[in-house]
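Source file: structure39.cif. Holds: mmCIF, C-alpha atoms.
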data_data
loop_
_atom_site.label_atom_id
_atom_site.label_comp_id
_atom_site.auth_asym_id
_atom_site.auth_seq_id
_atom_site.Cartn_x
_atom_site.Cartn_y
_atom_site.Cartn_z
CA MET A 267 -49.57 -13.95 -23.80
CA ALA A 268 -46.09 -13.09 -25.00
CA LYS A 269 -43.27 -13.65 -22.57
CA ILE A 270 -42.09 -10.63 -20.58
CA LYS A 271 -38.73 -9.55 -21.98
CA VAL A 272 -36.02 -8.93 -19.38
CA VAL A 273 -32.54 -7.40 -19.66
CA HIS A 274 -30.16 -8.32 -16.85
CA TYR A 275 -27.12 -6.37 -15.56
CA ILE A 276 -24.31 -8.11 -13.64
CA ASN A 277 -20.65 -7.45 -12.77
CA GLN A 278 -17.49 -9.23 -13.92
CA PHE A 279 -17.51 -11.52 -10.90
CA PHE A 280 -21.02 -12.91 -11.34
CA ALA A 281 -20.38 -13.18 -15.08
CA GLY A 282 -17.55 -15.58 -14.27
CA ILE A 283 -14.95 -13.38 -15.98
CA GLY A 284 -12.83 -12.80 -12.91
CA GLY A 285 -12.40 -11.11 -9.55
CA GLU A 286 -10.72 -7.82 -8.70
CA GLU A 287 -8.08 -8.24 -11.41
CA LYS A 288 -10.92 -7.98 -13.95
CA ALA A 289 -12.85 -5.19 -12.23
CA ASP A 290 -11.64 -2.76 -14.86
CA ILE A 291 -13.32 -4.41 -17.87
CA ALA A 292 -15.57 -2.15 -19.94
CA ALA A 293 -19.30 -2.79 -20.42
CA GLU A 294 -20.24 -5.69 -22.71
CA LEU A 295 -23.59 -6.55 -24.27
CA HIS A 296 -24.37 -10.26 -24.58
CA LYS A 297 -27.51 -10.55 -26.71
CA GLY A 298 -29.49 -13.73 -26.26
CA GLU A 299 -27.24 -14.90 -23.42
CA VAL A 300 -28.26 -15.77 -19.88
CA ILE A 301 -25.31 -15.63 -17.52
CA GLY A 302 -24.67 -16.46 -13.85
CA PRO A 303 -27.56 -15.46 -11.57
CA GLY A 304 -29.59 -14.87 -14.76
CA MET A 305 -30.02 -18.63 -15.04
CA ALA A 306 -31.73 -18.77 -11.65
CA PHE A 307 -33.96 -15.83 -12.63
CA ASN A 308 -34.90 -17.53 -15.89
CA THR A 309 -35.80 -20.74 -14.07
CA GLY A 310 -37.87 -18.74 -11.59
CA PHE A 311 -39.68 -16.92 -14.39
CA GLY A 312 -40.90 -20.23 -15.85
CA GLU A 313 -43.03 -19.54 -18.91
CA GLU A 314 -43.88 -15.99 -17.91
CA ALA A 315 -40.67 -14.12 -18.69
CA GLU A 316 -37.22 -14.59 -20.16
CA ILE A 317 -33.89 -12.81 -20.18
CA ILE A 318 -33.17 -11.60 -23.71
CA ALA A 319 -29.76 -10.06 -23.04
CA THR A 320 -27.17 -9.74 -20.30
CA ILE A 321 -25.01 -6.66 -19.78
CA VAL A 322 -21.72 -7.15 -17.96
CA CYS A 323 -19.40 -4.45 -16.62
CA GLY A 324 -16.40 -4.41 -14.27
CA ASP A 325 -17.20 -2.75 -10.94
CA SER A 326 -14.21 -0.43 -10.93
CA TYR A 327 -14.75 0.49 -14.56
CA PHE A 328 -18.37 1.41 -13.90
CA ASN A 329 -17.60 3.55 -10.86
CA GLU A 330 -14.67 5.32 -12.47
CA ASN A 331 -16.59 6.11 -15.68
CA ILE A 332 -20.15 6.47 -14.39
CA ASP A 333 -21.50 8.97 -16.94
CA ALA A 334 -19.99 7.33 -20.02
CA VAL A 335 -20.97 3.76 -19.02
CA LYS A 336 -24.46 4.84 -18.08
CA ALA A 337 -24.95 6.44 -21.50
CA GLU A 338 -23.59 3.39 -23.30
CA ILE A 339 -25.78 0.93 -21.40
CA LEU A 340 -28.88 3.12 -21.74
CA GLY A 341 -28.29 3.08 -25.50
CA TRP A 342 -28.30 -0.72 -25.54
CA VAL A 343 -31.36 -1.00 -23.32
CA ARG A 344 -33.27 1.52 -25.44
CA GLU A 345 -32.52 -0.60 -28.51
CA LEU A 346 -33.49 -3.87 -26.79
CA ALA A 347 -36.71 -2.29 -25.44
CA PRO A 348 -37.35 -4.86 -22.70
CA ASP A 349 -40.43 -4.89 -20.47
CA LEU A 350 -38.25 -5.06 -17.37
CA PHE A 351 -34.65 -4.40 -16.33
CA ILE A 352 -33.00 -6.26 -13.45
CA ALA A 353 -29.62 -5.32 -11.96
CA GLY A 354 -27.73 -7.60 -9.55
CA PRO A 355 -28.37 -8.64 -6.85
CA ALA A 356 -25.28 -6.92 -5.39
CA PHE A 357 -25.52 -8.06 -1.74
CA ASN A 358 -22.97 -5.98 0.25
CA ALA A 359 -20.51 -5.35 -2.60
CA GLY A 360 -20.17 -1.56 -2.51
CA ARG A 361 -19.12 -0.69 -6.06
CA TYR A 362 -21.47 -3.31 -7.51
CA GLY A 363 -24.34 -1.89 -5.45
CA VAL A 364 -23.63 1.63 -6.68
CA ALA A 365 -23.46 0.34 -10.26
CA CYS A 366 -26.76 -1.58 -9.91
CA GLY A 367 -28.51 1.37 -8.29
CA THR A 368 -27.20 3.86 -10.83
CA ILE A 369 -28.13 1.86 -13.89
CA ALA A 370 -31.46 0.56 -12.55
CA ALA A 371 -32.54 4.09 -11.62
CA ALA A 372 -31.36 5.50 -14.96
CA VAL A 373 -33.28 2.88 -16.96
CA LYS A 374 -36.44 3.73 -15.04
CA GLU A 375 -36.05 7.50 -15.08
CA GLU A 376 -34.56 8.08 -18.50
CA LEU A 377 -36.14 5.28 -20.54
CA GLY A 378 -39.36 4.84 -18.58
CA ILE A 379 -38.75 1.08 -18.42
CA LYS A 380 -39.69 -0.84 -15.27
CA SER A 381 -36.57 -1.58 -13.34
CA ILE A 382 -35.49 -3.28 -10.10
CA THR A 383 -32.33 -4.21 -8.27
CA GLY A 384 -31.44 -6.03 -5.05
CA MET A 385 -28.83 -5.50 -2.36
CA TYR A 386 -28.05 -5.51 1.37
CA VAL A 387 -29.45 -2.61 3.37
CA GLU A 388 -25.96 -1.27 4.29
CA ASN A 389 -24.71 -1.27 0.69
CA PRO A 390 -23.89 2.37 -0.15
CA GLY A 391 -25.99 1.96 -3.31
CA ALA A 392 -29.08 1.41 -1.13
CA ASP A 393 -29.15 4.86 0.47
CA MET A 394 -28.26 6.47 -2.84
CA TYR A 395 -31.04 4.92 -4.90
CA LYS A 396 -33.76 3.39 -2.71
CA ASP A 397 -36.09 6.35 -3.31
CA LYS A 398 -35.54 6.25 -7.08
CA VAL A 399 -36.02 2.59 -7.96
CA TYR A 400 -37.35 -0.57 -6.28
CA ILE A 401 -34.46 -2.12 -4.34
CA LEU A 402 -35.27 -5.56 -2.93
CA GLU A 403 -33.52 -6.20 0.35
CA THR A 404 -31.10 -9.16 0.32
CA LYS A 405 -28.60 -10.76 2.69
CA ASP A 406 -25.06 -9.34 2.87
CA SER A 407 -23.36 -12.10 0.87
CA ALA A 408 -23.92 -14.29 -2.16
CA ALA A 409 -24.81 -17.12 0.23
CA GLY A 410 -28.20 -15.43 0.15
CA MET A 411 -28.50 -15.79 -3.64
CA ARG A 412 -31.29 -18.32 -3.64
CA ALA A 413 -33.51 -16.26 -1.34
CA ALA A 414 -32.65 -13.04 -3.19
CA VAL A 415 -33.53 -14.48 -6.60
CA LYS A 416 -36.79 -15.91 -5.27
CA LYS A 417 -37.80 -12.57 -3.80
CA MET A 418 -36.72 -10.56 -6.85
CA THR A 419 -38.38 -12.97 -9.29
CA ALA A 420 -41.71 -12.78 -7.50
CA PHE A 421 -41.54 -9.00 -7.31
CA ALA A 422 -40.39 -8.66 -10.92
CA LEU A 423 -43.33 -10.65 -12.28
CA LYS A 424 -45.83 -8.79 -10.16
CA TYR A 425 -44.38 -5.45 -11.24
CA ALA A 426 -44.10 -6.35 -14.92
CA LYS A 427 -47.69 -7.57 -15.00
CA ASP A 428 -48.90 -4.29 -13.47
CA GLU A 429 -50.23 -5.99 -10.39
CA LYS A 430 -50.61 -3.80 -7.34
CA ILE A 431 -47.37 -3.33 -5.42
CA GLY A 432 -47.95 -3.37 -1.68
CA ALA A 433 -46.17 -1.38 1.01
CA SER A 434 -42.41 -1.83 1.32
CA CYS A 435 -42.79 -4.03 4.39
CA GLU A 436 -45.24 -6.30 2.53
CA ASP A 437 -43.35 -6.69 -0.73
CA GLY A 438 -39.79 -6.68 0.59
CA TYR A 439 -38.38 -3.61 -1.10
CA MET A 440 -36.67 -0.76 0.68
CA ASN A 441 -38.84 2.04 1.98
CA GLN A 442 -39.06 4.78 -0.64
CA GLY A 443 -40.49 7.39 1.67
CA VAL A 444 -43.84 7.35 -0.17
CA ARG A 445 -47.01 7.57 1.89
CA VAL A 446 -50.27 6.07 0.69
CA ASN A 447 -53.68 6.77 2.21
CA PHE A 448 -55.63 3.76 3.41
CA PHE A 449 -58.08 2.77 6.12
CA GLU A 450 -56.65 0.92 9.12
CA LYS A 451 -58.79 -1.78 10.70
CA GLU A 452 -58.57 -0.13 14.09
CA ARG A 453 -58.86 3.52 14.93
CA GLY A 454 -55.85 5.64 15.87
CA SER A 455 -56.55 5.99 19.59
CA LYS A 456 -56.68 2.22 20.03
CA ARG A 457 -53.48 1.69 18.02
CA ALA A 458 -51.67 4.34 20.04
CA VAL A 459 -52.74 2.84 23.37
CA ASP A 460 -51.75 -0.66 22.17
CA MET A 461 -48.32 0.67 21.25
CA LEU A 462 -47.94 2.42 24.58
CA ILE A 463 -48.89 -0.73 26.49
CA ALA A 464 -46.42 -2.78 24.44
CA LYS A 465 -43.70 -0.21 25.11
CA LEU A 466 -44.39 -0.15 28.87
CA ALA A 467 -44.28 -3.94 28.92
CA GLY A 468 -40.96 -3.91 27.08
CA LYS A 469 -42.55 -5.72 24.12
CA PRO A 470 -41.73 -4.97 20.48
CA PHE A 471 -43.96 -2.55 18.58
CA THR A 472 -43.75 -0.82 15.22
CA THR A 473 -44.06 2.92 15.07
CA GLU A 474 -46.32 4.32 12.36
CA TYR A 475 -44.21 7.40 11.99
CA PRO A 476 -40.49 6.69 12.11
CA MET A 477 -38.35 9.76 12.67
CA PRO A 478 -35.95 10.48 9.82
CA ASP A 479 -32.34 9.78 10.63
CA PHE A 480 -30.33 12.93 9.89
CA ASP A 481 -26.84 12.11 10.98
CA ARG A 482 -24.89 15.10 9.83
CA VAL A 483 -21.79 16.44 11.45
CA GLU A 484 -20.93 20.10 11.01
CA PRO A 485 -17.54 20.70 9.39
CA ASN A 486 -14.85 21.83 11.80
CA PRO A 487 -13.14 25.19 11.29
CA ALA A 488 -10.41 25.19 8.67
CA VAL A 489 -6.76 24.73 9.58
CA LYS A 490 -5.31 28.23 10.05
CA ASP A 491 -1.59 27.57 10.27
CA MET A 492 -0.69 24.58 8.08
CA ALA A 493 3.04 25.23 8.50
CA HIS A 494 2.75 24.33 12.17
CA ALA A 495 -0.03 21.75 11.97
CA THR A 496 0.32 18.04 12.69
CA ILE A 497 -1.42 16.04 9.98
CA ALA A 498 -2.43 12.40 10.46
CA LEU A 499 -3.18 9.77 7.85
CA VAL A 500 -6.09 7.35 8.15
CA THR A 501 -7.20 4.90 5.46
CA SER A 502 -9.95 2.40 4.75
CA GLY A 503 -7.72 1.01 1.99
CA GLY A 504 -6.14 -1.62 4.22
CA ILE A 505 -2.50 -0.48 4.11
CA VAL A 506 -0.63 -2.48 6.75
CA PRO A 507 3.00 -3.33 7.53
CA LYS A 508 4.15 -6.29 5.45
CA GLY A 509 2.71 -9.52 6.81
CA ASN A 510 -0.43 -7.83 8.24
CA PRO A 511 0.65 -8.23 11.91
CA ASP A 512 -2.85 -7.64 13.33
CA HIS A 513 -4.49 -9.97 10.79
CA ILE A 514 -7.00 -7.37 9.66
CA GLU A 515 -9.56 -9.29 7.61
CA SER A 516 -9.74 -8.75 3.83
CA SER A 517 -13.48 -8.12 4.15
CA SER A 518 -15.87 -7.33 7.03
CA ALA A 519 -12.92 -6.11 9.11
CA SER A 520 -13.38 -6.69 12.84
CA LYS A 521 -10.65 -4.21 13.85
CA PHE A 522 -8.42 -1.35 12.82
CA GLY A 523 -4.64 -1.11 13.16
CA GLU A 524 -2.41 1.62 14.60
CA TYR A 525 1.04 1.62 13.01
CA SER A 526 4.20 3.67 13.42
CA ILE A 527 5.72 5.45 10.44
CA GLU A 528 8.39 7.09 12.53
CA GLY A 529 11.43 7.58 10.32
CA VAL A 530 9.62 6.12 7.30
CA THR A 531 9.97 8.36 4.24
CA ASP A 532 8.62 6.05 1.56
CA LEU A 533 6.38 2.98 1.59
CA ASP A 534 7.73 0.24 -0.63
CA GLU A 535 6.86 -3.34 -1.45
CA SER A 536 9.28 -4.78 1.09
CA THR A 537 7.71 -2.97 4.05
CA PHE A 538 4.01 -2.29 3.41
CA GLU A 539 1.12 -3.98 1.62
CA THR A 540 -2.67 -3.95 1.51
CA ALA A 541 -4.95 -6.33 3.38
CA HIS A 542 -8.00 -5.14 1.42
CA GLY A 543 -9.87 -7.85 -0.50
CA GLY A 544 -12.20 -5.53 -2.40
CA TYR A 545 -9.89 -4.09 -5.05
CA ASP A 546 -7.02 -5.34 -7.20
CA PRO A 547 -4.09 -5.24 -4.71
CA VAL A 548 -1.28 -5.24 -7.30
CA TYR A 549 -0.73 -1.45 -7.39
CA ALA A 550 -0.92 -0.90 -3.63
CA ASN A 551 1.34 -3.86 -2.92
CA LEU A 552 4.01 -2.49 -5.28
CA ASP A 553 3.83 1.01 -3.81
CA ALA A 554 1.52 1.64 -0.85
CA ASP A 555 2.08 5.42 -1.21
CA ARG A 556 -0.57 5.13 -3.94
CA VAL A 557 -3.11 4.69 -1.15
CA LEU A 558 -1.33 6.23 1.87
CA PRO A 559 0.78 9.16 0.58
CA VAL A 560 3.58 9.03 3.17
CA ASP A 561 6.35 9.90 0.69
CA VAL A 562 4.77 13.17 -0.40
CA LEU A 563 3.82 14.21 3.15
CA ARG A 564 7.40 13.61 4.31
CA ASP A 565 8.62 15.91 1.52
CA LEU A 566 6.07 18.55 2.52
CA GLU A 567 7.11 18.19 6.15
CA LYS A 568 10.75 18.78 5.17
CA GLU A 569 9.79 21.78 3.06
CA GLY A 570 7.78 23.27 5.92
CA VAL A 571 4.45 23.18 4.07
CA ILE A 572 3.02 21.19 6.96
CA GLY A 573 4.35 21.26 10.52
CA LYS A 574 4.58 17.53 11.01
CA LEU A 575 3.29 14.20 9.74
CA HIS A 576 1.85 12.34 12.74
CA GLU A 577 4.09 9.39 13.62
CA LYS A 578 1.23 6.92 13.69
CA TYR A 579 -1.30 6.10 11.03
CA TYR A 580 -4.53 4.15 11.29
CA ALA A 581 -5.89 1.61 8.84
CA THR A 582 -8.82 -0.70 8.40
CA VAL A 583 -10.35 -2.55 5.48
CA GLY A 584 -13.48 -0.88 4.16
CA ASN A 585 -14.88 -3.88 2.33
CA GLY A 586 -18.33 -5.01 3.38
CA THR A 587 -17.45 -3.68 6.82
CA ALA A 588 -20.56 -2.98 8.89
CA VAL A 589 -21.42 0.70 9.29
CA ALA A 590 -21.60 0.20 13.06
CA SER A 591 -18.00 -1.14 13.07
CA ALA A 592 -16.67 1.71 10.94
CA LYS A 593 -18.39 4.17 13.26
CA LYS A 594 -16.77 2.56 16.29
CA TYR A 595 -13.30 2.54 14.69
CA GLY A 596 -13.68 6.15 13.59
CA ALA A 597 -14.68 7.28 17.08
CA GLU A 598 -11.77 5.44 18.72
CA ILE A 599 -9.23 6.68 16.16
CA GLY A 600 -10.55 10.21 16.59
CA LYS A 601 -10.11 10.01 20.37
CA ARG A 602 -6.52 8.84 20.03
CA LEU A 603 -5.65 11.49 17.44
CA VAL A 604 -7.09 14.28 19.58
CA ALA A 605 -5.17 12.97 22.60
CA ASP A 606 -1.97 13.03 20.53
CA GLY A 607 -2.53 16.66 19.56
CA VAL A 608 -3.20 16.06 15.86
CA ASP A 609 -4.65 19.12 14.07
CA ALA A 610 -6.20 17.59 10.94
CA VAL A 611 -6.69 14.30 9.12
CA ILE A 612 -6.39 13.08 5.54
CA LEU A 613 -8.56 9.97 5.15
CA THR A 614 -8.03 7.99 1.96
CA SER A 615 -10.44 5.41 0.54
CA THR A 616 -10.11 2.98 -2.33
CA MET B 132 -15.15 6.87 9.82
CA VAL B 133 -14.79 10.28 8.21
CA LYS B 134 -17.85 11.51 10.08
CA GLU B 135 -16.66 10.18 13.43
CA LEU B 136 -13.29 11.90 12.99
CA GLU B 137 -15.12 15.14 12.23
CA ARG B 138 -17.31 14.56 15.29
CA ALA B 139 -14.16 14.15 17.40
CA GLY B 140 -13.33 17.74 16.47
CA LEU B 141 -10.73 17.05 13.79
CA PRO B 142 -10.89 18.83 10.43
CA VAL B 143 -10.84 15.94 7.96
CA VAL B 144 -10.62 15.66 4.20
CA HIS B 145 -11.84 12.50 2.44
CA VAL B 146 -9.71 11.60 -0.57
CA CYS B 147 -11.65 8.98 -2.52
CA THR B 148 -12.53 7.88 -6.04
CA VAL B 149 -16.22 7.15 -5.77
CA THR B 150 -17.33 10.57 -4.53
CA PRO B 151 -21.09 9.75 -4.67
CA ILE B 152 -20.53 7.27 -1.84
CA SER B 153 -18.66 9.87 0.17
CA LEU B 154 -21.50 12.33 -0.41
CA THR B 155 -24.04 9.74 0.70
CA VAL B 156 -22.26 8.99 3.97
CA VAL B 157 -22.23 12.78 4.42
CA ALA B 158 -18.53 13.51 4.46
CA ASN B 159 -18.07 17.29 4.40
CA THR B 160 -14.76 17.93 2.68
CA ILE B 161 -14.10 15.68 -0.31
CA VAL B 162 -11.24 15.52 -2.82
CA PRO B 163 -11.77 13.20 -5.81
CA ALA B 164 -8.97 10.68 -6.36
CA ILE B 165 -7.54 8.91 -9.42
CA ALA B 166 -8.83 5.34 -9.40
CA ILE B 167 -10.17 2.75 -6.97
CA PRO B 168 -7.06 0.51 -6.71
CA HIS B 169 -4.67 3.49 -6.71
CA PRO B 170 -6.43 6.61 -5.43
CA LEU B 171 -3.19 8.60 -5.08
CA GLY B 172 -1.16 7.15 -7.91
CA ASN B 173 -1.15 6.09 -11.50
CA PRO B 174 0.98 3.06 -12.40
CA ALA B 175 0.89 4.10 -16.07
CA LEU B 176 3.18 7.04 -15.29
CA ASP B 177 6.88 6.85 -14.50
CA LYS B 178 7.89 7.18 -10.85
CA THR B 179 8.68 10.90 -10.96
CA GLU B 180 5.50 11.85 -12.79
CA GLU B 181 3.47 9.65 -10.50
CA LYS B 182 4.88 11.29 -7.39
CA ALA B 183 4.20 14.73 -8.88
CA LEU B 184 0.59 13.68 -9.45
CA ARG B 185 0.33 12.44 -5.87
CA ARG B 186 1.84 15.68 -4.60
CA LYS B 187 -0.75 17.66 -6.53
CA LEU B 188 -3.57 15.64 -4.92
CA VAL B 189 -2.11 15.94 -1.42
CA MET B 190 -1.68 19.71 -1.92
CA LYS B 191 -5.32 19.89 -2.97
CA ALA B 192 -6.29 17.95 0.17
CA LEU B 193 -4.23 20.33 2.34
CA SER B 194 -5.76 23.36 0.70
CA ALA B 195 -9.23 21.85 1.25
CA LEU B 196 -8.37 21.51 4.95
CA GLN B 197 -7.53 25.23 4.97
CA THR B 198 -10.86 26.18 3.36
CA GLU B 199 -13.85 26.97 5.55
CA VAL B 200 -16.62 24.61 4.46
CA ASP B 201 -20.34 25.13 4.95
CA GLY B 202 -22.02 21.75 4.50
CA GLN B 203 -20.61 19.37 1.89
CA LYS B 204 -18.07 20.37 -0.72
CA VAL B 205 -16.31 18.36 -3.42
CA PHE B 206 -13.05 20.06 -4.39
CA GLU B 207 -12.95 19.47 -8.15
CA ASP B 208 -10.10 20.80 -10.30
#

Please re-express this file's structure in structure tokens.
Amino acid sequence: MAKIKVVHYINQFFAGIGGEEKADIAAELHKGEVIGPGMAFNTGFGEEAEIIATIVCGDSYFNENIDAVKAEILGWVRELAPDLFIAGPAFNAGRYGVACGTIAAAVKEELGIKSITGMYVENPGADMYKDKVYILETKDSAAGMRAAVKKMTAFALKYAKDEKIGASCEDGYMNQGVRVNFFEKERGSKRAVDMLIAKLAGKPFTTEYPMPDFDRVEPNPAVKDMAHATIALVTSGGIVPKGNPDHIESSSASKFGEYSIEGVTDLDESTFETAHGGYDPVYANLDADRVLPVDVLRDLEKEGVIGKLHEKYYATVGNGTAVASAKKYGAEIGKRLVADGVDAVILTST
Amino acid sequence: MVKELERAGLPVVHVCTVTPISLTVVANTIVPAIAIPHPLGNPALDKTEEKALRRKLVMKALSALQTEVDGQKVFED
């Protein structure tokens, strides 16, 4: 039997081109090349499959030019006509996860080619694409590469060979919200009583009908009188006073910072910088107003467009930061802003 | 964070580059930004032009805050 032909998508980092300073490179097609994690996939495939081309794209470039890059890559994949497309794994890298999800889903939907990707469950790409393409669940960092490749390789071969794919919990992909009819070994009444007994005994049990998680917050009424409103700035872009006094971590931040901008009319490279490790810091370090627009808001305050710029701003690093942490920081920041009489918030993200 | 601020009762506008992520985390009021490493700036411009660009984005954010929103809305140009 002929080998299964695979095309692999990775970012600039896993291609060994560079880190954030190279995140703006355009998409590249490397025919006949196996790069980075592709080598581990190829080894795992043994004689059954092989990577025939690797596509590399910078994470920022992909996310800033989604439609154009998608079209370009789909063109290449159509030409290569592989049996299977693999993107990533992206672990908890947000832009990479969105790129992997976008391109993997597009290859499946628009070209009808089997396609998979892998990432951590909290990667924003997971919620966006888990119902459109098989996303294998991985750890949150590249330390989990070996396990991720093993899992993805096994799934890829099974999928490419048209073997039956089991339920998400059996085959390790993220739940796609698809229900399949089958006969349980035990009847419903017995399963329900078993669950109830486990629950009463404080033992773990698995529900057969998880409730969907609709966490929506209704928008608040609009600001009526901007000329007298106090506006606060909050950012996940990691803007901190020079020297990062609270030592906010460059990724997986364990805290947020509250900083005074009283009397500050312009952020410059001698006073502010970014602590964020998930984007090229050059531009923000030179002029942090590019992330936290203090200069413009001071002008607008002087001109009476807004009543006042709140004297404190809040910052954390949104880079692989757990959703639970971000939720906690947001709630605490919100409490403080309300207590300080702030009327509305501009939150900036990189 | 944007959702928790909204939950606290504060009208909030999310200025960000990758709007699909913002839509997925269910932010309500969204203003698309310039680029990931410089959402409110463009180092290719001179200082005055860059500040004018930033002012335009901030004005758009302020006008979004003054717009009643029903569900999610991305304030495109």

Counting all atoms listed in the file, which residues from chain A have an atom at most 7 Å from any atom of chain B, and could you show them as a PyMOL selection string?
chain A and resi 326+329-330+390+394+482-490+545-547+549-550+556-557+559+562+592-593+595-597+600-601+609-616

Output file for the selection above: C-alpha atoms, as a PDB file, keeping the file's coordinate frame:
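Contents of the output file part_27.pdb:
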ATOM      1  CA  SER A 326     -14.210  -0.430 -10.930  1.00  0.00           C
ATOM      2  CA  ASN A 329     -17.600   3.550 -10.860  1.00  0.00           C
ATOM      3  CA  GLU A 330     -14.670   5.320 -12.470  1.00  0.00           C
ATOM      4  CA  PRO A 390     -23.890   2.370  -0.150  1.00  0.00           C
ATOM      5  CA  MET A 394     -28.260   6.470  -2.840  1.00  0.00           C
ATOM      6  CA  ARG A 482     -24.890  15.100   9.830  1.00  0.00           C
ATOM      7  CA  VAL A 483     -21.790  16.440  11.450  1.00  0.00           C
ATOM      8  CA  GLU A 484     -20.930  20.100  11.010  1.00  0.00           C
ATOM      9  CA  PRO A 485     -17.540  20.700   9.390  1.00  0.00           C
ATOM     10  CA  ASN A 486     -14.850  21.830  11.800  1.00  0.00           C
ATOM     11  CA  PRO A 487     -13.140  25.190  11.290  1.00  0.00           C
ATOM     12  CA  ALA A 488     -10.410  25.190   8.670  1.00  0.00           C
ATOM     13  CA  VAL A 489      -6.760  24.730   9.580  1.00  0.00           C
ATOM     14  CA  LYS A 490      -5.310  28.230  10.050  1.00  0.00           C
ATOM     15  CA  TYR A 545      -9.890  -4.090  -5.050  1.00  0.00           C
ATOM     16  CA  ASP A 546      -7.020  -5.340  -7.200  1.00  0.00           C
ATOM     17  CA  PRO A 547      -4.090  -5.240  -4.710  1.00  0.00           C
ATOM     18  CA  TYR A 549      -0.730  -1.450  -7.390  1.00  0.00           C
ATOM     19  CA  ALA A 550      -0.920  -0.900  -3.630  1.00  0.00           C
ATOM     20  CA  ARG A 556      -0.570   5.130  -3.940  1.00  0.00           C
ATOM     21  CA  VAL A 557      -3.110   4.690  -1.150  1.00  0.00           C
ATOM     22  CA  PRO A 559       0.780   9.160   0.580  1.00  0.00           C
ATOM     23  CA  VAL A 562       4.770  13.170  -0.400  1.00  0.00           C
ATOM     24  CA  ALA A 592     -16.670   1.710  10.940  1.00  0.00           C
ATOM     25  CA  LYS A 593     -18.390   4.170  13.260  1.00  0.00           C
ATOM     26  CA  TYR A 595     -13.300   2.540  14.690  1.00  0.00           C
ATOM     27  CA  GLY A 596     -13.680   6.150  13.590  1.00  0.00           C
ATOM     28  CA  ALA A 597     -14.680   7.280  17.080  1.00  0.00           C
ATOM     29  CA  GLY A 600     -10.550  10.210  16.590  1.00  0.00           C
ATOM     30  CA  LYS A 601     -10.110  10.010  20.370  1.00  0.00           C
ATOM     31  CA  ASP A 609      -4.650  19.120  14.070  1.00  0.00           C
ATOM     32  CA  ALA A 610      -6.200  17.590  10.940  1.00  0.00           C
ATOM     33  CA  VAL A 611      -6.690  14.300   9.120  1.00  0.00           C
ATOM     34  CA  ILE A 612      -6.390  13.080   5.540  1.00  0.00           C
ATOM     35  CA  LEU A 613      -8.560   9.970   5.150  1.00  0.00           C
ATOM     36  CA  THR A 614      -8.030   7.990   1.960  1.00  0.00           C
ATOM     37  CA  SER A 615     -10.440   5.410   0.540  1.00  0.00           C
ATOM     38  CA  THR A 616     -10.110   2.980  -2.330  1.00  0.00           C
TER      39      THR A 616
END

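Taking atom CA of A:Gly586 and atom CA of A:Ala414 as the two end points, the separation is 17.7 Å.
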
So which residues touch A:Lys396 within 8 Å, counting all atoms listed in the file, skipping near sequence neighbours fewer than 2 positions away, as an mmCIF file with C-alpha atoms, in the frame of the given file?
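The resulting file, around_30.cif, is shown below:
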data_model
loop_
_atom_site.group_PDB
_atom_site.id
_atom_site.type_symbol
_atom_site.label_atom_id
_atom_site.label_comp_id
_atom_site.auth_asym_id
_atom_site.auth_seq_id
_atom_site.Cartn_x
_atom_site.Cartn_y
_atom_site.Cartn_z
ATOM 1 C CA GLY A 367 -28.510 1.370 -8.290
ATOM 2 C CA GLY A 391 -25.990 1.960 -3.310
ATOM 3 C CA ALA A 392 -29.080 1.410 -1.130
ATOM 4 C CA ASP A 393 -29.150 4.860 0.470
ATOM 5 C CA MET A 394 -28.260 6.470 -2.840
ATOM 6 C CA LYS A 398 -35.540 6.250 -7.080
ATOM 7 C CA VAL A 399 -36.020 2.590 -7.960
ATOM 8 C CA TYR A 400 -37.350 -0.570 -6.280
ATOM 9 C CA ILE A 401 -34.460 -2.120 -4.340
ATOM 10 C CA MET A 440 -36.670 -0.760 0.680
ATOM 11 C CA ASN A 441 -38.840 2.040 1.980
ATOM 12 C CA GLN A 442 -39.060 4.780 -0.640
#

Which residues would end up in the selection if the PyMOL selection byres ((chain A and resi 415) around 9) were applied here, given that I need the answer as a PyMOL selection string?
chain A and resi 303+306-307+310+355+384+410-414+416-420

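The coordinates place atom CA of A:Ile352 at 5.1 Å from atom CA of A:Ile382.
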
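Separating atom CA of A:Gly360 from atom CA of A:Lys405 is a distance of 13.5 Å.
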
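Distances from A:Tyr475, A:Phe351, A:Tyr579, A:Phe421 to A:Ala372 were compared using all atoms listed in the file, and the smallest one belongs to A:Phe351.
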
Could you give me, as number ranges by chain, the residues within 10 Å of A:Pro507, counting all atoms listed in the file and dropping anything in the same chain fewer than 4 positions from it?
A: 511-512, 523, 525-527, 533, 535-541, 554

Determine the residue membership of the PyMOL selection byres ((chain A and resi 574) around 9) for the file above and supply it as a count of residues only.
18
